[in-house]
Structures are given as structure tokens and as C-alpha cells.
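For reference, target15.txt (compact mmCIF, C-alpha atoms):
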# COMPACT_ATOMS: atom_id res chain seq x y z
CA MET O 1 0.00 0.00 0.00
CA SER O 2 1.65 3.19 -1.06
CA GLY O 3 -0.43 6.32 -1.28
CA ASP O 4 -2.48 6.86 -4.41
CA HIS O 5 -2.94 3.60 -6.28
CA SER O 6 -6.40 3.93 -7.77
CA SER O 7 -4.98 3.08 -11.21
CA ALA O 8 -2.60 0.38 -9.99
CA PRO O 9 -3.09 -3.20 -11.23
CA VAL O 10 -4.06 -4.27 -7.73
CA ALA O 11 -7.03 -1.88 -7.77
CA ALA O 12 -8.32 -3.53 -10.94
CA GLN O 13 -7.81 -6.95 -9.36
CA VAL O 14 -9.78 -5.90 -6.27
CA ARG O 15 -12.65 -4.59 -8.41
CA HIS O 16 -12.62 -7.85 -10.38
CA VAL O 17 -12.73 -10.00 -7.23
CA GLU O 18 -15.49 -7.82 -5.78
CA ALA O 19 -17.55 -8.27 -8.96
CA LEU O 20 -17.05 -12.05 -8.87
CA LEU O 21 -18.07 -12.24 -5.21
CA GLU O 22 -21.25 -10.30 -5.97
CA GLU O 23 -21.97 -12.39 -9.06
CA ARG O 24 -21.69 -15.60 -7.03
CA GLY O 25 -23.84 -14.26 -4.23
CA VAL O 26 -21.10 -14.20 -1.59
CA LEU O 27 -21.54 -10.45 -1.22
CA ASP O 28 -24.54 -8.22 -1.80
CA ALA O 29 -23.99 -5.29 -4.12
CA GLY O 30 -22.68 -2.39 -2.09
CA GLU O 31 -22.00 -4.50 1.00
CA ILE O 32 -18.33 -3.55 1.13
CA ASP O 33 -19.18 0.15 0.89
CA ARG O 34 -21.72 -0.20 3.69
CA ARG O 35 -19.22 -2.02 5.90
CA ILE O 36 -16.63 0.69 5.32
CA GLU O 37 -19.17 3.42 6.08
CA ALA O 38 -20.16 1.68 9.32
CA PHE O 39 -16.50 1.33 10.26
CA LEU O 40 -15.82 5.02 9.70
CA ALA O 41 -19.00 6.32 11.33
CA GLY O 42 -18.06 8.50 14.27
CA GLY O 43 -14.35 8.42 13.49
CA SER O 44 -12.98 11.96 13.49
CA PRO O 45 -9.93 13.88 14.74
CA LEU O 46 -12.42 15.68 17.02
CA ASN O 47 -12.37 12.54 19.19
CA GLY O 48 -8.62 12.85 19.58
CA ALA O 49 -8.95 16.55 20.39
CA ARG O 50 -11.47 15.76 23.16
CA ILE O 51 -9.11 13.17 24.63
CA VAL O 52 -6.21 15.64 24.62
CA ALA O 53 -8.22 18.48 26.17
CA ARG O 54 -9.43 16.20 28.98
CA ALA O 55 -5.87 15.02 29.62
CA TRP O 56 -4.66 18.64 29.84
CA LEU O 57 -7.30 19.48 32.43
CA ASP O 58 -7.41 16.28 34.46
CA PRO O 59 -4.04 14.83 35.62
CA GLY O 60 -5.78 11.67 36.84
CA PHE O 61 -7.26 11.04 33.39
CA ARG O 62 -3.87 11.80 31.81
CA GLY O 63 -2.25 9.15 33.97
CA ARG O 64 -4.91 6.56 33.15
CA LEU O 65 -4.67 7.43 29.46
CA LEU O 66 -0.92 6.85 29.36
CA THR O 67 -1.18 3.60 31.33
CA ASP O 68 -4.23 2.00 29.70
CA ALA O 69 -5.71 4.17 26.96
CA ASN O 70 -8.50 1.78 26.00
CA THR O 71 -10.01 1.85 29.48
CA ALA O 72 -9.55 5.62 29.81
CA LEU O 73 -11.38 6.19 26.50
CA GLU O 74 -14.54 4.73 28.01
CA GLU O 75 -14.71 7.73 30.36
CA LEU O 76 -15.38 9.88 27.27
CA GLY O 77 -17.73 7.36 25.68
CA LEU O 78 -15.14 6.48 23.04
CA SER O 79 -13.64 3.15 22.03
CA MET O 80 -11.23 1.47 19.62
CA GLY O 81 -13.82 -1.18 18.86
CA GLY O 82 -15.02 -0.03 15.44
CA GLY O 83 -13.28 -2.81 13.49
CA LEU O 84 -13.38 -6.59 13.59
CA GLN O 85 -11.85 -6.55 17.07
CA GLU O 86 -10.98 -3.84 19.56
CA GLN O 87 -7.51 -2.52 18.87
CA ARG O 88 -5.07 -1.50 21.58
CA LEU O 89 -4.39 2.22 21.71
CA LYS O 90 -1.02 3.47 22.94
CA VAL O 91 -0.91 7.16 23.86
CA VAL O 92 2.53 8.79 23.97
CA ALA O 93 2.98 12.17 25.66
CA ASN O 94 5.19 15.01 24.48
CA THR O 95 7.16 16.74 27.22
CA ASP O 96 9.42 19.77 27.46
CA ASP O 97 12.36 17.70 26.24
CA GLU O 98 10.81 14.84 24.25
CA HIS O 99 8.69 14.86 21.10
CA ASN O 100 6.85 11.83 19.67
CA VAL O 101 5.80 11.18 16.09
CA VAL O 102 3.88 8.21 14.64
CA VAL O 103 4.35 6.32 11.38
CA CYS O 104 3.47 2.95 9.91
CA THR O 105 6.49 2.07 7.79
CA LEU O 106 5.03 -1.25 6.57
CA CYS O 107 1.62 0.01 5.42
CA SER O 108 -0.63 2.71 6.85
CA CYS O 109 -1.88 1.58 10.29
CA TYR O 110 -3.73 4.41 12.02
CA PRO O 111 -6.48 4.64 14.69
CA ILE O 112 -9.22 4.90 12.04
CA ALA O 113 -12.03 3.77 14.36
CA LEU O 114 -11.26 6.73 16.60
CA LEU O 115 -9.89 9.42 14.29
CA GLY O 116 -11.36 8.58 10.90
CA PRO O 117 -9.26 8.09 7.75
CA SER O 118 -5.62 9.11 7.85
CA PRO O 119 -4.34 12.03 5.78
CA SER O 120 -2.97 10.97 2.38
CA TRP O 121 0.60 12.03 3.20
CA TYR O 122 0.57 9.56 6.11
CA LYS O 123 0.32 6.76 3.53
CA SER O 124 2.95 8.16 1.17
CA GLU O 125 6.21 6.29 0.68
CA ALA O 126 8.10 9.53 1.25
CA TYR O 127 6.71 10.04 4.77
CA ARG O 128 6.90 6.37 5.72
CA SER O 129 10.49 5.90 4.62
CA ARG O 130 11.89 9.26 5.69
CA VAL O 131 10.40 10.02 9.09
CA VAL O 132 12.07 7.01 10.78
CA ARG O 133 15.41 8.03 9.38
CA GLU O 134 15.44 11.83 9.57
CA PRO O 135 12.47 12.94 11.71
CA ARG O 136 13.91 16.34 12.54
CA GLY O 137 14.15 17.26 8.86
CA VAL O 138 10.72 15.85 8.02
CA LEU O 139 9.10 17.73 10.93
CA ARG O 140 10.79 20.92 9.74
CA GLU O 141 9.09 20.41 6.35
CA PHE O 142 5.78 20.24 8.24
CA GLY O 143 6.68 23.62 9.78
CA LEU O 144 7.65 22.17 13.16
CA GLU O 145 11.11 23.37 14.16
CA LEU O 146 12.16 21.58 17.35
CA PRO O 147 14.99 22.81 19.58
CA ALA O 148 18.19 20.78 19.16
CA SER O 149 17.83 19.76 22.80
CA THR O 150 14.44 18.08 22.19
CA ARG O 151 14.78 14.32 21.90
CA ILE O 152 12.63 12.72 19.19
CA THR O 153 11.05 9.29 19.40
CA VAL O 154 9.43 7.81 16.30
CA TRP O 155 6.79 5.12 16.92
CA ASP O 156 6.45 2.58 14.12
CA ALA O 157 2.96 1.01 14.16
CA SER O 158 4.38 -2.27 12.86
CA ALA O 159 2.05 -4.64 14.75
CA GLU O 160 -1.39 -4.54 16.39
CA SER O 161 -1.38 -1.32 18.48
CA ARG O 162 -2.47 2.05 17.19
CA TYR O 163 -0.94 5.30 18.43
CA LEU O 164 -1.96 8.78 19.47
CA VAL O 165 0.36 11.62 20.45
CA LEU O 166 -0.61 13.74 23.45
CA PRO O 167 0.75 17.19 22.60
CA ARG O 168 1.98 19.66 25.22
CA ARG O 169 -0.60 22.18 26.36
CA PRO O 170 0.19 25.56 24.76
CA GLU O 171 1.23 28.39 27.06
CA GLY O 172 -1.28 31.14 27.71
CA THR O 173 -4.27 28.79 27.81
CA ALA O 174 -4.99 28.93 31.54
CA GLY O 175 -8.67 29.25 32.31
CA ARG O 176 -9.86 27.89 28.98
CA THR O 177 -12.72 25.40 28.96
CA GLU O 178 -12.32 21.83 27.82
CA GLU O 179 -14.18 22.65 24.62
CA GLU O 180 -11.97 25.66 23.90
CA LEU O 181 -8.85 23.60 24.49
CA ALA O 182 -10.11 20.83 22.20
CA GLY O 183 -10.47 23.46 19.47
CA LEU O 184 -6.71 24.06 19.57
CA VAL O 185 -5.80 20.44 18.77
CA THR O 186 -5.12 19.49 15.15
CA ARG O 187 -4.99 16.11 13.46
CA ASN O 188 -1.29 16.62 12.74
CA GLY O 189 -0.77 17.34 16.43
CA LEU O 190 -2.28 13.91 17.20
CA ILE O 191 0.18 12.25 14.80
CA GLY O 192 3.12 14.33 15.99
CA THR O 193 3.79 16.34 12.85
CA ALA O 194 2.59 19.55 14.55
CA ALA O 195 3.19 20.91 18.06
CA VAL O 196 -0.53 20.90 18.92
CA MET F 197 2.49 -18.80 28.02
CA THR F 198 5.00 -16.72 29.97
CA ASP F 199 6.51 -13.69 28.25
CA ARG F 200 10.15 -14.26 27.43
CA PHE F 201 11.15 -10.61 27.90
CA ALA F 202 10.37 -7.75 30.27
CA PRO F 203 10.84 -3.97 30.13
CA GLY F 204 14.54 -3.11 30.36
CA ASP F 205 15.74 -6.29 28.63
CA LEU F 206 18.11 -5.91 25.69
CA VAL F 207 17.12 -7.88 22.60
CA ARG F 208 18.51 -8.45 19.13
CA THR F 209 16.14 -8.70 16.18
CA SER F 210 16.39 -11.51 13.68
CA SER F 211 18.47 -10.83 10.58
CA ARG F 212 16.61 -13.48 8.59
CA ASP F 213 15.06 -12.38 5.32
CA PRO F 214 11.89 -14.48 5.19
CA ALA F 215 10.37 -15.50 1.88
CA GLY F 216 6.90 -14.27 2.77
CA HIS F 217 5.10 -11.68 4.85
CA SER F 218 6.84 -10.37 7.96
CA ARG F 219 6.12 -7.49 10.33
CA LEU F 220 9.78 -7.10 11.20
CA PRO F 221 10.69 -4.04 9.11
CA ARG F 222 13.86 -4.49 7.07
CA TYR F 223 15.49 -1.40 8.61
CA ALA F 224 15.13 -2.97 12.07
CA ARG F 225 16.72 -6.36 11.29
CA GLY F 226 19.81 -7.57 13.15
CA ALA F 227 19.62 -4.61 15.54
CA VAL F 228 19.90 -4.37 19.33
CA GLY F 229 17.18 -2.49 21.21
CA GLU F 230 15.58 -2.28 24.64
CA VAL F 231 12.16 -3.64 25.52
CA VAL F 232 9.97 -0.74 26.69
CA GLU F 233 6.60 -2.38 27.29
CA VAL F 234 4.50 -5.42 26.48
CA ALA F 235 2.00 -4.37 23.80
CA GLY F 236 -0.41 -7.27 24.16
CA HIS F 237 -0.47 -10.85 22.89
CA HIS F 238 -1.29 -11.79 19.31
CA PRO F 239 -0.77 -14.65 16.86
CA LEU F 240 2.35 -14.13 14.74
CA ALA F 241 1.35 -12.08 11.70
CA ASP F 242 3.73 -14.06 9.47
CA GLU F 243 1.74 -17.25 10.18
CA ARG F 244 -1.66 -15.60 9.79
CA ALA F 245 -0.57 -14.19 6.42
CA ARG F 246 0.12 -17.76 5.31
CA GLY F 247 -3.37 -18.80 6.33
CA ARG F 248 -2.17 -20.73 9.38
CA THR F 249 -3.41 -20.46 12.92
CA ALA F 250 -0.87 -19.61 15.59
CA PRO F 251 -1.06 -19.25 19.38
CA PRO F 252 -0.90 -15.71 20.77
CA GLN F 253 2.56 -14.57 21.81
CA ALA F 254 3.88 -11.40 23.41
CA VAL F 255 4.35 -8.32 21.25
CA TYR F 256 6.73 -5.65 22.57
CA HIS F 257 7.51 -1.98 22.03
CA VAL F 258 11.28 -2.14 21.42
CA ARG F 259 13.28 1.06 21.41
CA PHE F 260 16.34 1.45 19.14
CA PRO F 261 18.81 4.32 18.96
CA ALA F 262 18.79 5.68 15.38
CA ALA F 263 22.55 5.15 15.16
CA GLU F 264 21.99 1.40 15.74
CA LEU F 265 19.54 1.24 12.82
CA PHE F 266 21.01 3.69 10.34
CA GLY F 267 24.58 4.38 11.53
CA GLU F 268 23.62 7.98 12.24
CA GLY F 269 21.00 10.16 13.88
CA ASP F 270 20.31 11.25 17.47
CA HIS F 271 16.66 10.16 17.71
CA ALA F 272 15.10 6.85 18.75
CA VAL F 273 12.69 4.57 16.91
CA THR F 274 10.28 2.35 18.83
CA VAL F 275 9.13 -0.62 16.77
CA GLU F 276 6.37 -3.06 17.77
CA LEU F 277 7.74 -6.58 17.45
CA TRP F 278 6.53 -10.14 18.02
CA GLU F 279 8.55 -12.24 20.47
CA SER F 280 9.54 -14.67 17.66
CA TYR F 281 11.61 -11.89 16.06
CA LEU F 282 13.73 -11.37 19.18
CA GLU F 283 16.71 -13.02 20.85
CA PRO F 284 18.16 -12.08 24.26
CA VAL F 285 21.35 -10.02 24.44
CA ASP F 286 23.77 -10.05 27.39
CA ARG F 287 23.86 -6.79 29.25
CA ARG F 288 27.47 -7.11 30.36
CA GLY F 289 28.20 -6.31 33.99
CA LYS F 290 24.57 -6.44 35.05
CA GLY F 291 24.40 -10.17 35.50
CA ARG F 292 21.72 -10.83 32.95
CA PRO F 293 21.73 -14.32 31.44

Could I get this structure in the form of C-alpha cells?
Amino acid sequence: MSGDHSSAPVAAQVRHVEALLEERGVLDAGEIDRRIEAFLAGGSPLNGARIVARAWLDPGFRGRLLTDANTALEELGLSMGGGLQEQRLKVVANTDDEHNVVVCTLCSCYPIALLGPSPSWYKSEAYRSRVVREPRGVLREFGLELPASTRITVWDASAESRYLVLPRRPEGTAGRTEEELAGLVTRNGLIGTAAV
Amino acid sequence: MTDRFAPGDLVRTSSRDPAGHSRLPRYARGAVGEVVEVAGHHPLADERARGRTAPPQAVYHVRFPAAELFGEGDHAVTVELWESYLEPVDRRGKGRP
């Protein structure tokens, strides 16, 4: 899987197999589309923003989130259970001297059930191959210039867990409500390619 | 089944180049890293990709210095790896087996 492949031979093969499965009555017409829609329903970066805002305001929740994210999600009525089985979520927190960034070098694993589809650059070969090797340079291209003293950890989603970055709370946000704080969080911040 | 490794253990990844599917990324083969955390228990993806059933085994977050993987860089890469990909490494002077 490598970014845009709508015209790749494999796409034609998939369409052919889908047509055969429908022709032989294994699948109803449109069943795959309906399954995908059901899987994506409710998935949005807004979920991630809510999680981050709660963690900024509630140190107890932050601790539970970093220890056992799946259980902590239930407190917000969220879950990683949108797929065939519930996936484990691993939340990694940025600090004053450490920054985290997520990639799936082997394909494009991403917490879709929670955040919705990943951005197209996340699936590009350029991002997947470069960010493990030269994260500081790649983050600079995203407009994120980190101090030389900031340590960078890249998380490769190479197995069954999915990842979410907990950004640092911006300065000057004291007194803001949870909803206002959630409005500051971007999808790139949840992946680690932006500060927030 | 008991987990073979625990957080803090040093491990070396397999340098084998398997013929079929593997979730051990090529850039992380034959490298020494430190187990950070157990990331659950799952059947080996290599076996599932071949249509075989396999018992669940531990999967670990393993942290590698970039210099160990690429010969340069000051960052770290944490890769999620099945126990079958890993062998123990002596941590000299600390009495580990």
C-alpha cells in the first residue's frame, strides 16, 4: 500500500474480485461500501482533540490514558472497537524535552475507528520511509522546528497497536474550557507532525 | 504462556530475510534495542498471512537508537515486534543471562 494507487493493477484486481463475489452471491452489491461506512461512522480527529483536552485538564485522566488508553477512552464514551476486534491504543505524551511522532512504515496503520481516515501524506512512501530516518528534517518540512535539545522518538505502528500523540498544552491557555482547548488540537498534532 | 522478555531487557532482532510476509521491518533487522513495554499478545502475523493459525505470543515496544539502525541520527525509533523476532542479548556487567 503506497499512497495513491487507484490506477494500480491491484485496484483492478480488487474490483474484479469484488464483482465475482457479488456475481456468485457471496456479497450483496454495495455491501463492502456499507461495511466501510459503518467502520468510519463517528471516526474523526475531534475525538482525539477531546481526549487531549481532557488530559490537559485532568491529571488523573492523563495518567490513566498513558497507562491503559482503551479503558480511559470509556470515560469519554469512546472506544477502539469499530473494526473486527478492539484494537489496543497506545498514547505517547510530548514533554518539554521529548517529542513523539507516529508512522506505519510497513503500510498505513492508524487509529481509524477513533480518528477517521488518515491524511494521504501519512500513507505516502516519502513520509513512511523518511520520518524514521530523519524525523527532525521531516518535521521541519511540516513547519515544526524543534529545539536541538528536544529528543525525538518515532513510533512505528508495525504490529497490532495504534498510536496517538498527546501534545503539550500551549502556554497562555490557563482558564480555557475543555471545549476551547479541544479546538486548539489538530490532526497533525495527534500524529506528531505539529506541536498541537 | 510466559513472556520471554520484560521492560529493560536488551534484545537483538532476527536478521533473517523471510520469503513471505513479515512485520519485522527491514530497517530494524539484526539490531539491538531495549524492551519498553509489552503491547499485548497476538498470533504471529507471518503465520496468519500464510493462512495458518498460531497461538498468541507477546508483542513488545522495542526502542532502538537511530545510530543502531542507520549508523547515524540522534533520535530513537520504537518498533512493535513479536517475540519470535527477538533473541536475548547479554547486558554485560549487570548479570543478565

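Coordinates place CA of Leu115 (chain O) at a distance of 22.3 Å from CA of Gly143 (chain O).
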
Fill in: Nearest residue to chain F from the set O:Leu164, O:Ile152, O:Val102, O:Leu146 (distances using all atoms listed in the file)
O:Ile152

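Within 8 Å of chain F, and using only C-alpha atoms, the residues found on chain O are Arg88, Thr105, Leu106, Val132, Arg133, Glu134, Pro135, Arg151, Ile152, Thr153, Val154, Trp155, Asp156, Ala157, Ser158, Ala159, Glu160 and Ser161 of chain O.
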
Generate a file of the selected residues that holds C-alpha atoms, formatted as a PDB file, keeping the file's coordinate frame.
ATOM      1  CA  ARG O  88      -5.070  -1.500  21.580  1.00  0.00           C
ATOM      2  CA  THR O 105       6.490   2.070   7.790  1.00  0.00           C
ATOM      3  CA  LEU O 106       5.030  -1.250   6.570  1.00  0.00           C
ATOM      4  CA  VAL O 132      12.070   7.010  10.780  1.00  0.00           C
ATOM      5  CA  ARG O 133      15.410   8.030   9.380  1.00  0.00           C
ATOM      6  CA  GLU O 134      15.440  11.830   9.570  1.00  0.00           C
ATOM      7  CA  PRO O 135      12.470  12.940  11.710  1.00  0.00           C
ATOM      8  CA  ARG O 151      14.780  14.320  21.900  1.00  0.00           C
ATOM      9  CA  ILE O 152      12.630  12.720  19.190  1.00  0.00           C
ATOM     10  CA  THR O 153      11.050   9.290  19.400  1.00  0.00           C
ATOM     11  CA  VAL O 154       9.430   7.810  16.300  1.00  0.00           C
ATOM     12  CA  TRP O 155       6.790   5.120  16.920  1.00  0.00           C
ATOM     13  CA  ASP O 156       6.450   2.580  14.120  1.00  0.00           C
ATOM     14  CA  ALA O 157       2.960   1.010  14.160  1.00  0.00           C
ATOM     15  CA  SER O 158       4.380  -2.270  12.860  1.00  0.00           C
ATOM     16  CA  ALA O 159       2.050  -4.640  14.750  1.00  0.00           C
ATOM     17  CA  GLU O 160      -1.390  -4.540  16.390  1.00  0.00           C
ATOM     18  CA  SER O 161      -1.380  -1.320  18.480  1.00  0.00           C
TER      19      SER O 161
END

Worksheet item: Using only C-alpha atoms, which residues sit within 12 Å of Ala215 (chain F) once same-chain residues fewer than 3 positions away are excluded, as a ChimeraX atom specification?
Response: /F:212,218,242,245-246

Worksheet item: Between O:Thr193, O:Met80, O:Cys104, O:Arg162, which one has atoms that come closest to Gly137 (chain O), using only C-alpha atoms?
Response: O:Thr193

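CA of Pro167 (chain O) is found 20.1 Å from CA of Pro117 (chain O).
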
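For the pair CA of Thr177 (chain O) and CA of Asp58 (chain O), the interatomic distance is 11.9 Å.
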
Fill in: Within 8 Å of Arg208 (chain F) using all atoms listed in the file, minus same-chain residues under 3 positions, as number ranges by chain
F: 226-229, 282-285

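Only residues having an atom at most 7 Å from (-2.5, 10.3, 16.2) are included; using all atoms listed in the file, these are O:Val102, O:Tyr163, O:Leu164, O:Val165, O:Arg187, O:Leu190, O:Ile191, O:Gly192.
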
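Of the residues under consideration (F:Thr198, F:Ala224, F:Ser280, F:Asp213), F:Ala224 shows the shortest atom-to-atom contact distance to Gly267 (chain F) when counting all atoms listed in the file.
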
Each side padded by 5 Å, which centre and which edge lengths in Å (one decimal) define the axis-aligned box around the listed atoms of region 224-239 of chain F? Give them as AutoDock Vina command-line options.
--center_x 9.3 --center_y -7.7 --center_z 19.3 --size_x 31.2 --size_y 23.9 --size_z 26.0

Using the incomplete input, complete region 247-264 of chain F to the level of N, CA and C atoms; output as a PDB file, in the coordinates of the input.
ATOM      1  N   GLY F 247      -2.124 -18.072   6.152  1.00  0.00           N
ATOM      2  CA  GLY F 247      -3.370 -18.800   6.330  1.00  0.00           C
ATOM      3  C   GLY F 247      -3.326 -19.822   7.435  1.00  0.00           C
ATOM      4  N   ARG F 248      -2.286 -19.764   8.287  1.00  0.00           N
ATOM      5  CA  ARG F 248      -2.170 -20.730   9.380  1.00  0.00           C
ATOM      6  C   ARG F 248      -2.650 -20.102  10.679  1.00  0.00           C
ATOM      7  N   THR F 249      -3.088 -20.956  11.584  1.00  0.00           N
ATOM      8  CA  THR F 249      -3.410 -20.460  12.920  1.00  0.00           C
ATOM      9  C   THR F 249      -2.142 -20.526  13.753  1.00  0.00           C
ATOM     10  N   ALA F 250      -2.049 -19.641  14.727  1.00  0.00           N
ATOM     11  CA  ALA F 250      -0.870 -19.610  15.590  1.00  0.00           C
ATOM     12  C   ALA F 250      -1.323 -19.160  16.969  1.00  0.00           C
ATOM     13  N   PRO F 251      -0.669 -19.676  18.033  1.00  0.00           N
ATOM     14  CA  PRO F 251      -1.060 -19.250  19.380  1.00  0.00           C
ATOM     15  C   PRO F 251      -0.610 -17.803  19.612  1.00  0.00           C
ATOM     16  N   PRO F 252      -1.336 -17.077  20.471  1.00  0.00           N
ATOM     17  CA  PRO F 252      -0.900 -15.710  20.770  1.00  0.00           C
ATOM     18  C   PRO F 252       0.480 -15.722  21.440  1.00  0.00           C
ATOM     19  N   GLN F 253       1.270 -14.739  21.147  1.00  0.00           N
ATOM     20  CA  GLN F 253       2.560 -14.570  21.810  1.00  0.00           C
ATOM     21  C   GLN F 253       2.747 -13.088  22.129  1.00  0.00           C
ATOM     22  N   ALA F 254       3.682 -12.788  23.011  1.00  0.00           N
ATOM     23  CA  ALA F 254       3.880 -11.400  23.410  1.00  0.00           C
ATOM     24  C   ALA F 254       4.376 -10.564  22.235  1.00  0.00           C
ATOM     25  N   VAL F 255       3.870  -9.331  22.188  1.00  0.00           N
ATOM     26  CA  VAL F 255       4.350  -8.320  21.250  1.00  0.00           C
ATOM     27  C   VAL F 255       4.902  -7.182  22.110  1.00  0.00           C
ATOM     28  N   TYR F 256       6.055  -6.650  21.729  1.00  0.00           N
ATOM     29  CA  TYR F 256       6.730  -5.650  22.570  1.00  0.00           C
ATOM     30  C   TYR F 256       6.980  -4.359  21.817  1.00  0.00           C
ATOM     31  N   HIS F 257       6.921  -3.217  22.551  1.00  0.00           N
ATOM     32  CA  HIS F 257       7.510  -1.980  22.030  1.00  0.00           C
ATOM     33  C   HIS F 257       9.009  -2.080  22.306  1.00  0.00           C
ATOM     34  N   VAL F 258       9.817  -2.060  21.262  1.00  0.00           N
ATOM     35  CA  VAL F 258      11.280  -2.140  21.420  1.00  0.00           C
ATOM     36  C   VAL F 258      11.898  -0.856  20.882  1.00  0.00           C
ATOM     37  N   ARG F 259      12.725  -0.246  21.737  1.00  0.00           N
ATOM     38  CA  ARG F 259      13.280   1.060  21.410  1.00  0.00           C
ATOM     39  C   ARG F 259      14.721   0.915  20.900  1.00  0.00           C
ATOM     40  N   PHE F 260      15.001   1.515  19.741  1.00  0.00           N
ATOM     41  CA  PHE F 260      16.340   1.450  19.140  1.00  0.00           C
ATOM     42  C   PHE F 260      16.908   2.861  18.987  1.00  0.00           C
ATOM     43  N   PRO F 261      18.185   3.052  19.329  1.00  0.00           N
ATOM     44  CA  PRO F 261      18.810   4.320  18.960  1.00  0.00           C
ATOM     45  C   PRO F 261      18.943   4.381  17.431  1.00  0.00           C
ATOM     46  N   ALA F 262      18.714   5.564  16.841  1.00  0.00           N
ATOM     47  CA  ALA F 262      18.790   5.680  15.380  1.00  0.00           C
ATOM     48  C   ALA F 262      20.142   5.222  14.861  1.00  0.00           C
ATOM     49  N   ALA F 263      21.204   5.515  15.621  1.00  0.00           N
ATOM     50  CA  ALA F 263      22.550   5.150  15.160  1.00  0.00           C
ATOM     51  C   ALA F 263      22.685   3.631  15.011  1.00  0.00           C
ATOM     52  N   GLU F 264      21.954   2.859  15.838  1.00  0.00           N
ATOM     53  CA  GLU F 264      21.990   1.400  15.740  1.00  0.00           C
ATOM     54  C   GLU F 264      21.317   0.926  14.445  1.00  0.00           C
TER      55      GLU F 264
END
